[in-house]
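Text of start01.tsv (TSV, C-alpha atoms) as supplied:
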```tsv
chain	number	residue	atom	x	y	z
A	1	GLN	CA	252.62	-247.98	-69.44
A	2	GLU	CA	253.64	-244.46	-68.39
A	3	PRO	CA	257.06	-244.15	-66.77
A	4	THR	CA	256.87	-243.55	-63.03
A	5	GLY	CA	259.88	-241.26	-63.01
A	6	ILE	CA	263.47	-240.87	-64.07
A	7	ASP	CA	266.92	-240.42	-62.55
A	8	ALA	CA	269.41	-238.60	-64.71
A	9	ASP	CA	272.30	-236.18	-64.73
A	10	PHE	CA	272.66	-234.21	-67.92
A	11	ASP	CA	274.91	-231.66	-69.58
A	12	ILE	CA	273.67	-230.63	-73.04
A	13	ARG	CA	275.37	-227.99	-75.21
A	14	PHE	CA	274.33	-226.27	-78.44
A	15	PRO	CA	276.47	-223.83	-80.47
A	16	ASP	CA	273.70	-221.23	-80.75
A	17	GLU	CA	270.04	-220.43	-80.00
A	18	GLU	CA	268.60	-222.06	-83.17
A	19	ILE	CA	267.07	-225.00	-81.28
A	20	LEU	CA	264.97	-222.53	-79.25
A	21	LYS	CA	263.73	-220.86	-82.44
A	22	LEU	CA	262.68	-224.26	-83.80
A	23	LEU	CA	260.82	-225.16	-80.60
A	24	MET	CA	259.26	-221.70	-80.09
A	25	PRO	CA	259.29	-219.93	-83.48
A	26	LYS	CA	256.98	-217.08	-82.39
A	27	LEU	CA	259.36	-215.90	-79.67
A	28	GLY	CA	262.58	-213.98	-80.08
A	29	PHE	CA	265.76	-214.97	-78.25
A	30	PRO	CA	269.16	-213.33	-77.84
A	31	LYS	CA	272.07	-214.84	-79.73
A	32	GLY	CA	274.62	-217.08	-78.06
A	33	PRO	CA	275.53	-220.68	-77.17
A	34	LEU	CA	272.90	-222.64	-75.25
A	35	THR	CA	273.67	-225.05	-72.40
A	36	VAL	CA	271.37	-227.13	-70.18
A	37	SER	CA	272.77	-229.00	-67.17
A	38	GLY	CA	271.57	-230.45	-63.87
A	39	GLY	CA	269.83	-233.53	-62.53
A	40	LEU	CA	266.43	-235.24	-62.31
A	41	VAL	CA	265.67	-237.42	-59.28
A	42	LYS	CA	262.71	-239.82	-59.15
A	43	GLN	CA	260.67	-239.67	-55.95
A	44	GLU	CA	257.47	-241.46	-54.91
A	45	ASP	CA	254.92	-239.13	-56.49
A	46	ARG	CA	257.07	-236.55	-58.23
A	47	THR	CA	260.22	-235.87	-60.19
A	48	ARG	CA	262.65	-233.42	-58.67
A	49	ALA	CA	264.75	-231.08	-60.78
A	50	HIS	CA	268.01	-230.58	-58.94
A	51	GLN	CA	270.41	-227.69	-59.60
A	52	VAL	CA	269.24	-227.20	-63.17
A	53	LEU	CA	271.16	-224.44	-64.96
A	54	ILE	CA	270.21	-223.08	-68.39
A	55	THR	CA	272.49	-220.53	-70.02
A	56	LEU	CA	272.01	-218.58	-73.25
A	57	GLY	CA	275.09	-216.53	-73.94
A	58	PRO	CA	275.78	-214.58	-70.71
A	59	ASN	CA	272.18	-215.04	-69.46
A	60	GLN	CA	271.38	-217.80	-66.99
A	61	LEU	CA	268.32	-219.44	-65.45
A	62	ASN	CA	268.61	-221.49	-62.23
A	63	LEU	CA	265.80	-223.92	-61.39
A	64	ASP	CA	265.24	-226.16	-58.40
A	65	GLY	CA	261.98	-227.88	-57.44
A	66	HIS	CA	259.62	-230.66	-58.48
A	67	ILE	CA	256.72	-231.60	-60.76
A	68	THR	CA	254.11	-234.24	-59.86
A	69	ARG	CA	252.29	-236.78	-62.01
A	70	ASP	CA	249.24	-234.50	-62.27
A	71	HIS	CA	251.55	-231.77	-63.67
A	72	SER	CA	251.40	-229.50	-60.63
A	73	PHE	CA	254.77	-227.96	-59.82
A	74	ASP	CA	256.74	-226.05	-57.22
A	75	PHE	CA	259.98	-224.42	-58.43
A	76	ASP	CA	262.43	-221.82	-57.21
A	77	LEU	CA	263.58	-219.74	-60.19
A	78	GLN	CA	266.38	-217.23	-60.57
A	79	PHE	CA	267.00	-215.47	-63.91
A	80	SER	CA	269.77	-212.95	-64.57
A	81	GLY	CA	271.76	-211.35	-67.36
A	82	PRO	CA	273.73	-208.24	-68.38
A	83	ASP	CA	271.29	-206.71	-70.90
A	84	ALA	CA	267.51	-206.77	-70.42
A	85	GLU	CA	266.96	-205.16	-73.83
A	86	GLU	CA	267.91	-208.49	-75.47
A	87	PHE	CA	264.53	-209.83	-74.29
A	88	GLU	CA	262.48	-206.86	-75.60
A	89	SER	CA	260.58	-209.03	-78.10
A	90	LEU	CA	259.64	-211.49	-75.34
A	91	ILE	CA	258.31	-208.94	-72.83
A	92	GLY	CA	256.85	-206.49	-75.37
A	93	THR	CA	258.49	-203.33	-74.00
A	94	HIS	CA	261.87	-201.61	-73.87
A	95	PRO	CA	263.52	-202.19	-70.48
A	96	GLY	CA	266.78	-200.56	-71.62
A	97	ASN	CA	270.34	-201.82	-71.89
A	98	VAL	CA	270.68	-202.59	-68.19
A	99	PRO	CA	271.50	-205.71	-66.15
A	100	PHE	CA	268.64	-207.67	-64.58
A	101	ASP	CA	268.17	-210.19	-61.80
A	102	MET	CA	264.80	-211.82	-61.02
A	103	SER	CA	263.71	-214.58	-58.68
A	104	ALA	CA	260.45	-216.17	-57.54
A	105	ARG	CA	258.88	-219.31	-56.18
A	106	VAL	CA	256.49	-220.61	-58.85
A	107	GLN	CA	253.72	-222.89	-57.59
A	108	GLY	CA	250.63	-224.31	-59.23
A	109	SER	CA	249.73	-225.90	-62.55
A	110	PRO	CA	250.15	-224.94	-66.21
A	111	ARG	CA	246.67	-223.32	-66.15
A	112	LYS	CA	246.96	-221.43	-62.86
A	113	PHE	CA	250.10	-220.62	-60.92
A	114	ALA	CA	251.40	-218.20	-58.31
A	115	LEU	CA	254.61	-216.19	-58.33
A	116	ASN	CA	255.44	-215.91	-54.64
A	117	ASN	CA	258.33	-214.01	-53.08
A	118	LEU	CA	258.79	-212.28	-56.42
A	119	SER	CA	261.89	-210.09	-56.52
A	120	ALA	CA	263.11	-208.16	-59.56
A	121	LYS	CA	265.93	-205.72	-60.22
A	122	VAL	CA	266.25	-204.18	-63.70
A	123	GLY	CA	268.90	-201.50	-63.80
A	124	LYS	CA	268.13	-199.23	-60.86
A	125	SER	CA	264.50	-200.39	-60.68
A	126	VAL	CA	263.62	-202.71	-57.82
A	127	ALA	CA	260.29	-204.46	-57.17
A	128	ALA	CA	258.95	-207.23	-54.96
A	129	GLY	CA	255.60	-208.89	-54.32
A	130	ASN	CA	253.29	-211.79	-55.09
A	131	MET	CA	251.21	-212.48	-58.20
A	132	THR	CA	248.74	-215.07	-59.49
A	133	VAL	CA	248.27	-215.89	-63.17
A	134	GLU	CA	245.40	-217.93	-64.62
A	135	LEU	CA	245.66	-218.97	-68.27
A	136	ALA	CA	242.11	-219.70	-69.36
A	137	GLU	CA	239.72	-218.36	-71.99
A	138	VAL	CA	240.26	-215.05	-70.21
A	139	THR	CA	243.77	-214.54	-68.82
A	140	ARG	CA	243.60	-213.29	-65.23
A	141	VAL	CA	246.45	-211.55	-63.43
A	142	SER	CA	246.23	-210.39	-59.82
A	143	GLY	CA	248.65	-209.47	-57.10
A	144	ALA	CA	250.46	-206.78	-55.14
A	145	ILE	CA	253.79	-205.14	-56.03
A	146	THR	CA	255.93	-202.75	-53.96
A	147	SER	CA	258.98	-200.80	-55.14
A	148	PRO	CA	261.39	-198.25	-53.68
A	149	TYR	CA	262.23	-197.04	-57.21
A	150	LEU	CA	260.61	-197.94	-60.54
A	151	ASN	CA	261.74	-196.47	-63.86
A	152	VAL	CA	259.01	-196.71	-66.51
A	153	SER	CA	260.37	-194.00	-68.81
A	154	THR	CA	261.52	-196.52	-71.44
A	155	TRP	CA	258.28	-198.55	-71.40
A	156	THR	CA	256.41	-196.07	-73.57
A	157	GLU	CA	259.24	-195.00	-75.88
A	158	LYS	CA	258.27	-195.28	-79.52
A	159	GLU	CA	260.44	-195.64	-82.54
A	160	ASP	CA	260.62	-192.61	-84.80
A	161	GLU	CA	257.66	-192.53	-87.16
A	162	PRO	CA	257.15	-190.32	-90.20
A	163	ALA	CA	255.22	-187.18	-89.38
A	164	PRO	CA	251.56	-187.42	-90.40
A	165	GLU	CA	250.47	-185.37	-93.35
A	166	ALA	CA	248.94	-182.02	-92.49
A	167	THR	CA	245.16	-182.04	-92.63
A	168	THR	CA	242.64	-179.26	-92.40
A	169	LYS	CA	240.79	-179.54	-89.12
A	170	THR	CA	237.04	-179.18	-89.50
A	171	LYS	CA	235.52	-176.88	-86.92
A	172	GLN	CA	233.14	-178.79	-84.68
A	173	LYS	CA	229.60	-177.48	-84.29
A	174	TYR	CA	229.52	-178.67	-80.68
A	175	LYS	CA	232.21	-178.90	-78.01
A	176	PHE	CA	230.86	-182.35	-77.11
A	177	ASP	CA	229.61	-184.18	-80.20
A	178	ASP	CA	227.88	-187.52	-80.75
A	179	THR	CA	231.10	-189.53	-80.83
A	180	PRO	CA	230.61	-192.68	-78.70
A	181	VAL	CA	232.46	-192.61	-75.39
A	182	MET	CA	235.35	-195.00	-74.87
A	183	GLN	CA	234.19	-198.43	-73.79
A	184	ILE	CA	236.38	-201.21	-72.41
A	185	THR	CA	235.53	-204.16	-74.64
A	186	ASP	CA	236.51	-207.78	-74.10
A	187	LEU	CA	240.32	-207.67	-74.14
A	188	GLY	CA	240.76	-211.31	-73.19
A	189	VAL	CA	242.58	-210.30	-70.01
A	190	GLU	CA	241.54	-209.26	-66.50
A	191	VAL	CA	243.84	-207.43	-64.10
A	192	ASP	CA	243.50	-206.76	-60.38
A	193	LEU	CA	246.76	-205.22	-59.19
A	194	ASP	CA	247.86	-203.18	-56.16
A	195	LEU	CA	251.00	-201.09	-56.72
A	196	LYS	CA	253.03	-199.09	-54.24
A	197	ALA	CA	256.18	-197.23	-55.29
A	198	ASP	CA	258.27	-194.77	-53.31
A	199	THR	CA	259.41	-193.17	-56.60
A	200	LEU	CA	258.00	-193.71	-60.09
A	201	ASP	CA	260.41	-192.32	-62.69
A	202	LEU	CA	258.60	-191.06	-65.82
A	203	GLY	CA	261.74	-189.71	-67.52
A	204	SER	CA	261.06	-185.98	-67.71
A	205	SER	CA	259.33	-186.04	-64.32
A	206	HIS	CA	258.63	-188.32	-61.39
A	207	ILE	CA	255.98	-189.00	-58.78
A	208	ASP	CA	256.50	-190.16	-55.22
A	209	ASN	CA	254.58	-192.23	-52.66
A	210	LEU	CA	252.43	-193.87	-55.34
A	211	ASP	CA	249.66	-196.07	-53.96
A	212	LEU	CA	246.99	-197.38	-56.32
A	213	SER	CA	244.61	-200.25	-56.97
A	214	PHE	CA	244.04	-201.01	-60.65
A	215	VAL	CA	241.17	-203.17	-61.96
A	216	LEU	CA	240.63	-204.01	-65.62
A	217	ARG	CA	238.03	-206.42	-66.88
A	218	ASP	CA	235.36	-206.64	-69.56
A	219	HIS	CA	233.66	-203.22	-69.81
A	220	LEU	CA	235.32	-201.89	-66.64
A	221	ILE	CA	238.46	-199.90	-65.85
A	222	GLN	CA	239.02	-198.65	-62.34
A	223	LEU	CA	241.67	-196.82	-60.35
A	224	LYS	CA	240.23	-196.94	-56.87
A	225	PRO	CA	241.75	-195.52	-54.85
A	226	PHE	CA	244.99	-193.84	-55.89
A	227	SER	CA	247.33	-191.31	-54.30
A	228	PHE	CA	250.77	-189.88	-55.05
A	229	ARG	CA	252.93	-186.79	-54.68
A	230	ASP	CA	254.10	-184.92	-57.75
A	231	MET	CA	257.67	-183.69	-58.20
A	232	ARG	CA	256.81	-180.42	-56.42
A	233	GLY	CA	255.38	-182.15	-53.36
A	234	ALA	CA	251.66	-181.79	-54.02
A	235	LEU	CA	249.53	-184.66	-52.72
A	236	LEU	CA	246.97	-185.94	-55.23
A	237	SER	CA	244.40	-188.58	-54.35
A	238	GLY	CA	241.13	-189.84	-55.73
A	239	ALA	CA	239.40	-192.51	-57.76
A	240	PHE	CA	238.42	-193.15	-61.39
A	241	THR	CA	235.83	-195.60	-62.75
A	242	MET	CA	234.62	-196.13	-66.32
A	243	ASP	CA	231.92	-198.80	-66.21
A	244	SER	CA	230.05	-199.86	-69.34
A	245	GLN	CA	228.72	-203.15	-67.96
A	246	GLY	CA	225.14	-201.81	-67.86
A	247	SER	CA	222.91	-200.33	-70.54
A	248	GLN	CA	224.58	-196.90	-70.17
A	249	PRO	CA	228.32	-196.32	-69.69
A	250	ARG	CA	228.98	-194.63	-66.34
A	251	LEU	CA	231.87	-192.32	-65.42
A	252	ASP	CA	232.86	-191.48	-61.82
A	253	ILE	CA	235.85	-189.25	-61.05
A	254	SER	CA	237.07	-187.77	-57.80
A	255	LEU	CA	240.33	-185.85	-57.39
A	256	LEU	CA	241.78	-183.94	-54.46
A	257	ALA	CA	245.03	-182.00	-54.85
A	258	GLU	CA	246.63	-180.50	-51.76
A	259	ASP	CA	249.42	-177.92	-51.88
A	260	PHE	CA	249.56	-178.05	-55.68
A	261	HIS	CA	251.29	-175.46	-57.89
A	262	PRO	CA	249.44	-174.44	-61.10
A	263	VAL	CA	252.34	-174.78	-63.54
A	264	ILE	CA	249.92	-174.02	-66.40
A	265	GLY	CA	249.99	-170.42	-65.14
A	266	ALA	CA	253.79	-170.19	-65.05
A	267	LYS	CA	256.00	-168.12	-67.28
A	268	GLU	CA	258.66	-170.07	-69.20
A	269	GLY	CA	261.75	-170.44	-67.02
A	270	GLN	CA	259.94	-169.35	-63.86
A	271	ASP	CA	261.19	-170.75	-60.57
A	272	PRO	CA	258.42	-173.18	-59.44
A	273	ALA	CA	258.99	-172.05	-55.84
A	274	THR	CA	257.57	-168.60	-56.75
A	275	LEU	CA	254.26	-170.04	-58.01
A	276	PRO	CA	251.19	-169.84	-55.77
A	277	SER	CA	250.10	-173.04	-54.06
A	278	GLY	CA	246.66	-174.17	-53.07
A	279	ASP	CA	244.06	-176.92	-53.00
A	280	PHE	CA	241.85	-178.31	-55.74
A	281	GLU	CA	238.83	-180.65	-55.54
A	282	LEU	CA	236.94	-182.23	-58.41
A	283	VAL	CA	233.97	-184.61	-58.22
A	284	LEU	CA	232.20	-185.67	-61.43
A	285	ASN	CA	229.76	-188.44	-62.33
A	286	SER	CA	227.67	-189.05	-65.40
A	287	THR	CA	226.11	-191.60	-67.73
A	288	GLY	CA	225.75	-191.64	-71.50
A	289	LYS	CA	226.62	-193.45	-74.70
A	290	THR	CA	228.09	-190.40	-76.47
A	291	LYS	CA	230.25	-187.47	-75.41
A	292	ARG	CA	227.24	-185.15	-75.69
A	293	GLU	CA	225.05	-187.40	-73.55
A	294	MET	CA	227.84	-187.73	-71.01
A	295	ALA	CA	228.25	-183.92	-70.83
A	296	SER	CA	224.48	-183.34	-70.63
A	297	ASN	CA	224.09	-185.76	-67.72
A	298	MET	CA	227.12	-184.53	-65.78
A	299	ASP	CA	226.75	-183.80	-62.06
A	300	GLY	CA	229.48	-182.74	-59.68
A	301	LYS	CA	231.49	-179.89	-58.26
A	302	VAL	CA	234.82	-178.07	-58.64
A	303	ARG	CA	236.57	-176.17	-55.85
A	304	MET	CA	239.91	-174.34	-55.98
A	305	GLN	CA	241.79	-171.90	-53.80
A	306	LEU	CA	245.25	-170.41	-54.32
A	307	GLY	CA	247.51	-168.45	-52.00
A	308	PRO	CA	250.07	-165.76	-52.79
A	309	GLY	CA	252.60	-166.15	-55.58
A	310	LYS	CA	253.69	-164.98	-59.03
A	311	LEU	CA	251.87	-165.69	-62.29
A	312	ALA	CA	252.43	-164.62	-65.86
A	313	PRO	CA	250.16	-161.61	-66.54
A	314	SER	CA	248.29	-163.35	-69.36
A	315	ALA	CA	248.06	-166.75	-67.68
A	316	TYR	CA	244.62	-166.48	-66.07
A	317	GLY	CA	242.88	-168.70	-68.59
A	318	PHE	CA	243.21	-171.67	-66.25
A	319	LEU	CA	241.34	-169.70	-63.56
A	320	MET	CA	238.50	-168.29	-65.65
A	321	THR	CA	237.09	-167.95	-69.15
A	322	ASP	CA	239.10	-166.53	-72.05
A	323	PHE	CA	236.92	-163.40	-71.89
A	324	LEU	CA	237.71	-162.74	-68.24
A	325	GLY	CA	241.39	-163.43	-68.86
A	326	GLN	CA	241.41	-160.80	-71.61
A	327	LEU	CA	239.50	-158.44	-69.31
A	328	VAL	CA	242.22	-158.79	-66.65
A	329	ASP	CA	244.87	-157.85	-69.21
A	330	THR	CA	242.82	-154.88	-70.40
A	331	LEU	CA	242.00	-153.45	-66.96
A	332	ASN	CA	245.35	-154.15	-65.32
A	333	PRO	CA	247.53	-151.07	-65.99
A	334	PHE	CA	250.66	-152.98	-64.98
A	335	THR	CA	250.29	-155.85	-67.48
A	336	GLU	CA	252.80	-154.52	-70.02
A	337	ALA	CA	255.27	-153.23	-67.47
A	338	GLN	CA	255.60	-156.32	-65.30
A	339	VAL	CA	257.10	-159.72	-66.03
A	340	TYR	CA	254.87	-161.28	-63.35
A	341	THR	CA	251.61	-160.41	-61.66
A	342	GLU	CA	251.67	-160.73	-57.88
A	343	LEU	CA	248.68	-162.87	-56.85
A	344	ASP	CA	247.42	-162.42	-53.31
A	345	CYS	CA	244.72	-165.09	-53.51
A	346	ALA	CA	242.23	-166.74	-55.86
A	347	LEU	CA	239.07	-168.70	-55.22
A	348	ALA	CA	236.83	-170.56	-57.65
A	349	ALA	CA	233.76	-172.75	-57.04
A	350	ALA	CA	231.40	-174.43	-59.48
A	351	ASP	CA	228.43	-176.76	-59.01
A	352	ILE	CA	227.38	-178.91	-61.96
A	353	GLU	CA	223.86	-180.30	-62.34
A	354	SER	CA	222.60	-182.04	-65.48
A	355	GLY	CA	225.42	-180.60	-67.53
A	356	VAL	CA	224.99	-176.99	-66.39
A	357	ALA	CA	227.83	-175.44	-64.38
A	358	THR	CA	227.01	-172.62	-61.99
A	359	LEU	CA	230.04	-170.55	-60.97
A	360	ALA	CA	229.61	-168.91	-57.57
A	361	PRO	CA	231.99	-167.27	-57.10
A	362	ILE	CA	235.26	-166.64	-58.91
A	363	ILE	CA	237.47	-164.24	-56.93
A	364	LEU	CA	240.86	-163.04	-58.18
A	365	HIS	CA	242.82	-160.64	-56.01
A	366	THR	CA	246.20	-159.25	-57.07
A	367	LYS	CA	248.19	-156.33	-55.69
A	368	GLN	CA	246.76	-154.12	-58.47
A	369	LEU	CA	243.32	-155.55	-59.15
A	370	THR	CA	240.39	-157.47	-57.62
A	371	ILE	CA	237.77	-159.30	-59.72
A	372	VAL	CA	234.64	-161.00	-58.40
A	373	SER	CA	232.50	-162.95	-60.86
A	374	GLU	CA	229.72	-165.49	-60.94
A	375	GLY	CA	227.39	-167.02	-63.50
```
Structure translated into structure tokens:
Amino acid sequence: QEPTGIDADFDIRFPDEEILKLLMPKLGFPKGPLTVSGGLVKQEDRTRAHQVLITLGPNQLNLDGHITRDHSFDFDLQFSGPDAEEFESLIGTHPGNVPFDMSARVQGSPRKFALNNLSAKVGKSVAAGNMTVELAEVTRVSGAITSPYLNVSTWTEKEDEPAPEATTKTKQKYKFDDTPVMQITDLGVEVDLDLKADTLDLGSSHIDNLDLSFVLRDHLIQLKPFSFRDMRGALLSGAFTMDSQGSQPRLDISLLAEDFHPVIGAKEGQDPATLPSGDFELVLNSTGKTKREMASNMDGKVRMQLGPGKLAPSAYGFLMTDFLGQLVDTLNPFTEAQVYTELDCALAAADIESGVATLAPIILHTKQLTIVSEG
């Protein structure tokens, strides 16, 4: 006969973490003495865990809630410690040597549960929200997270690797060859996540007012919609979809940049405030199994306009073809004498149909020179 419940107070102590390694050998744990204390109280249809405290070295987990006979549960959890990097092997990324404090109400069953009132602080990063996790043949994660400040600069840090051996690069016959396009195969996980962050710290740069919806499932990846401001204040918004669920992979991209600064046209050390600002719009859609097919079937448009500002004299490649950029340098009598070229305005428009781009027009107007081109 199964026991109907148990009443117990307990205080268990181990000298180190070895018992955890025996129970869960595939997981890594920080070193330190392990203690488990608290109480279990039998109730009519459930067992209540009362003031349970688990410590591992300086890290501690507080648990209070209940579990029923059908294994559904409802717990309040709080987990904290002085060094999140000690759990790097458990979470699969490098959070850094910073203190952490997390809490949530966990409700559900071992196969599907919700993390409600989720709150996390790791170093200076702060996040809150609600998530649902389903552990089935395909793991499903969904939810919404908000953050005033989120530092992800350490998440993608890689350990030093030996430099690859130099290889001779074979010149491609075509710009777009018959290499198959990227397809999202069955990863065994599906994600549907909304993320809002006032500041997303990328280490060498940051973006502000991030707002995106991210969907990942078999043969589909989607950012729809997304918007953010870059570190110079430009507002970027749009959507991205790569869908290979049908017979032909499909790509849809839309991007709108308002008040952006073309840093690709800047001279090294140039004050970003002296760069021209403008607007940029890109809309592309296509289908195809290879890069060449995708390029051949491309439809869309590109629009750009820039206002006055300073650019490096030889930095017009981002506005036009290499040939026209060289032509500017050749015709401009002030190229060698000036550190910067004073741009009054620039305008570029292109329509793309079945892989053919028609430029009408490209206009570049500086204090010394005006170029109008199409083709």
| request: For Leu20 of chain A, work out the shell of residues within 10 Å, counting all atoms listed in the file and skipping chain neighbours fewer than 6 positions away, then give it as a PyMOL selection string. | output: chain A and resi 27-29+34
| request: Up to 10 Å from (226.2, -186.3, -77.4) in the file's coordinates: name the residues, counting only C-alpha atoms, as a ChimeraX atom specification. | output: /A:174-181,288-297
| Which is closer to Ala136 of chain A than all the others in A:Glu190, A:Asp11, A:Glu88, A:Asp64, using all atoms listed in the file? | A:Glu190
| query | Counting all atoms listed in the file, which of A:Lys367, A:Lys21, A:Arg111, A:Lys224 gets nearest to Arg140 of chain A? | reply |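 Result for the nearest residue to Arg140 of chain A: A:Arg111.
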Find the residues near Ile352 of chain A: any atom within 10 Å, counting only C-alpha atoms, skip ones fewer than 3 places away on the same chain, and give them as a PDB file with C-alpha atoms, in the frame of the given file.
```pdb
ATOM      1  CA  VAL A 283     233.970-184.610 -58.220  1.00  0.00           C
ATOM      2  CA  LEU A 284     232.200-185.670 -61.430  1.00  0.00           C
ATOM      3  CA  ASN A 285     229.760-188.440 -62.330  1.00  0.00           C
ATOM      4  CA  ASN A 297     224.090-185.760 -67.720  1.00  0.00           C
ATOM      5  CA  MET A 298     227.120-184.530 -65.780  1.00  0.00           C
ATOM      6  CA  ASP A 299     226.750-183.800 -62.060  1.00  0.00           C
ATOM      7  CA  GLY A 300     229.480-182.740 -59.680  1.00  0.00           C
ATOM      8  CA  LYS A 301     231.490-179.890 -58.260  1.00  0.00           C
ATOM      9  CA  VAL A 302     234.820-178.070 -58.640  1.00  0.00           C
ATOM     10  CA  GLY A 355     225.420-180.600 -67.530  1.00  0.00           C
ATOM     11  CA  VAL A 356     224.990-176.990 -66.390  1.00  0.00           C
ATOM     12  CA  ALA A 357     227.830-175.440 -64.380  1.00  0.00           C
ATOM     13  CA  THR A 358     227.010-172.620 -61.990  1.00  0.00           C
ATOM     14  CA  LEU A 359     230.040-170.550 -60.970  1.00  0.00           C
TER      15      LEU A 359
END
```
| Counting only C-alpha atoms, the residue of A:Leu364, A:Val133, A:Leu255, A:Leu195 that sits nearest Leu306 of chain A |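 Going through A:Leu364, A:Val133, A:Leu255, A:Leu195 one by one, the smallest distance to Leu306 of chain A is for A:Leu364.
For the pair atom CA of Gly92 of chain A and atom CA of Val152 of chain A, the interatomic distance is 13.4 Å.
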| said: Let me make sure I understand: among A:Arg303, A:His94, A:His365, A:Lys310, which one has the smallest atom-to-atom distance to Ala350 of chain A if we use only C-alpha atoms? | reply: A:Arg303
| task | Extract, using all atoms listed in the file, all DNA, RNA and protein residues at most 9 Å from Ile362 of chain A, discarding same-chain residues fewer than 6 positions from it, and format them as a PyMOL selection string. | result | chain A and resi 319-320+346-350+371-374
Output C-alpha atoms for every residue in that selection, as a CSV table (one decimal), in the frame of the given file.
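Output file again09.csv follows:
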```csv
chain,number,residue,atom,x,y,z
A,319,LEU,CA,241.3,-169.7,-63.6
A,320,MET,CA,238.5,-168.3,-65.6
A,346,ALA,CA,242.2,-166.7,-55.9
A,347,LEU,CA,239.1,-168.7,-55.2
A,348,ALA,CA,236.8,-170.6,-57.6
A,349,ALA,CA,233.8,-172.8,-57.0
A,350,ALA,CA,231.4,-174.4,-59.5
A,371,ILE,CA,237.8,-159.3,-59.7
A,372,VAL,CA,234.6,-161.0,-58.4
A,373,SER,CA,232.5,-163.0,-60.9
A,374,GLU,CA,229.7,-165.5,-60.9
```
Coordinates of box centre and edge lengths for segment 29-39 of chain A, 8 Å on every side, axis-aligned, as lines of an AutoDock Vina configuration file:
```
center_x = 270.6
center_y = -223.4
center_z = -71.1
size_x = 25.8
size_y = 36.2
size_z = 33.2
```
| query | What lies within 7 Å of segment 227-238 of chain A using only C-alpha atoms, ignoring chain neighbours under 6 positions off, as a PyMOL selection string? | reply | chain A and resi 205-212+254-260
| request: Within 9 Å of (235.9, -195.8, -62.1) (coordinates as in the file), grab all the protein and nucleic acid residues, counting only C-alpha atoms, and write them out as an MDAnalysis selection string. | output: chainID A and resid 220:224 239:243 250:253
| task | Grab the atom CA of Thr146 of chain A to atom CA of Ala84 of chain A distance for me, in Å with one decimal place. | result | 20.5 Å
| So how far away is atom CA of Ser204 of chain A from atom CA of Ala127 of chain A, in Å? |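 Separation between atom CA of Ala127 of chain A and atom CA of Ser204 of chain A: 21.3 Å.
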| query | Hey, what's within 8 Å of Gly307 of chain A if we count all atoms listed in the file and toss same-chain stuff fewer than 3 positions away? As a list in words, please? | reply | Pro276, Ser277, Gly278, Leu343, Asp344, Cys345 and Ala346 of chain A
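Among the candidates A:Asp76, A:Asp83, A:Asp198, A:Asp351, the residue lying nearest to Lys121 of chain A is A:Asp83 (atoms considered: all atoms listed in the file).
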| request: Find the residue from A:Thr93, A:Phe100, A:Val126, A:Val106 that sits nearest to Trp155 of chain A; use only C-alpha atoms when measuring. | output: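 Residue with the minimum atom-to-atom distance to Trp155 of chain A: A:Thr93.
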Residues of segment 111-144 of chain A at most 12 Å from segment 65-73 of chain A: nearest atom pair and distance in Å, only C-alpha atoms, as a tab-separated table:
```
residue	atom	partner	partner_atom	distance
A:Arg111	CA	A:Ser72	CA	9.5
A:Lys112	CA	A:Ser72	CA	9.5
A:Phe113	CA	A:Phe73	CA	8.8
A:Ala114	CA	A:Phe73	CA	10.4
A:Leu115	CA	A:Phe73	CA	11.9
```
Write out N, CA and C atoms for segment 93-101 of chain A, as a JSON list (two decimals), in the coordinates of the input.
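Listing of part16.json after writing:
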```json
[["chain", "number", "residue", "atom", "x", "y", "z"],
["A", 93, "THR", "N", 258.18, -204.71, -74.35],
["A", 93, "THR", "CA", 258.49, -203.33, -74.00],
["A", 93, "THR", "C", 259.99, -203.15, -73.99],
["A", 94, "HIS", "N", 260.44, -201.90, -73.84],
["A", 94, "HIS", "CA", 261.87, -201.61, -73.87],
["A", 94, "HIS", "C", 262.39, -201.38, -72.45],
["A", 95, "PRO", "N", 263.00, -202.38, -71.83],
["A", 95, "PRO", "CA", 263.52, -202.19, -70.48],
["A", 95, "PRO", "C", 264.82, -201.41, -70.43],
["A", 96, "GLY", "N", 265.50, -201.27, -71.58],
["A", 96, "GLY", "CA", 266.78, -200.56, -71.62],
["A", 96, "GLY", "C", 267.96, -201.51, -71.56],
["A", 97, "ASN", "N", 269.12, -201.01, -71.91],
["A", 97, "ASN", "CA", 270.34, -201.82, -71.89],
["A", 97, "ASN", "C", 270.93, -201.82, -70.49],
["A", 98, "VAL", "N", 270.29, -202.55, -69.60],
["A", 98, "VAL", "CA", 270.68, -202.59, -68.19],
["A", 98, "VAL", "C", 270.68, -204.03, -67.71],
["A", 99, "PRO", "N", 271.50, -204.34, -66.70],
["A", 99, "PRO", "CA", 271.50, -205.71, -66.15],
["A", 99, "PRO", "C", 270.20, -206.00, -65.40],
["A", 100, "PHE", "N", 269.87, -207.27, -65.27],
["A", 100, "PHE", "CA", 268.64, -207.67, -64.58],
["A", 100, "PHE", "C", 268.89, -208.90, -63.73],
["A", 101, "ASP", "N", 268.09, -209.04, -62.69],
["A", 101, "ASP", "CA", 268.17, -210.19, -61.80],
["A", 101, "ASP", "C", 266.78, -210.40, -61.20]]
```
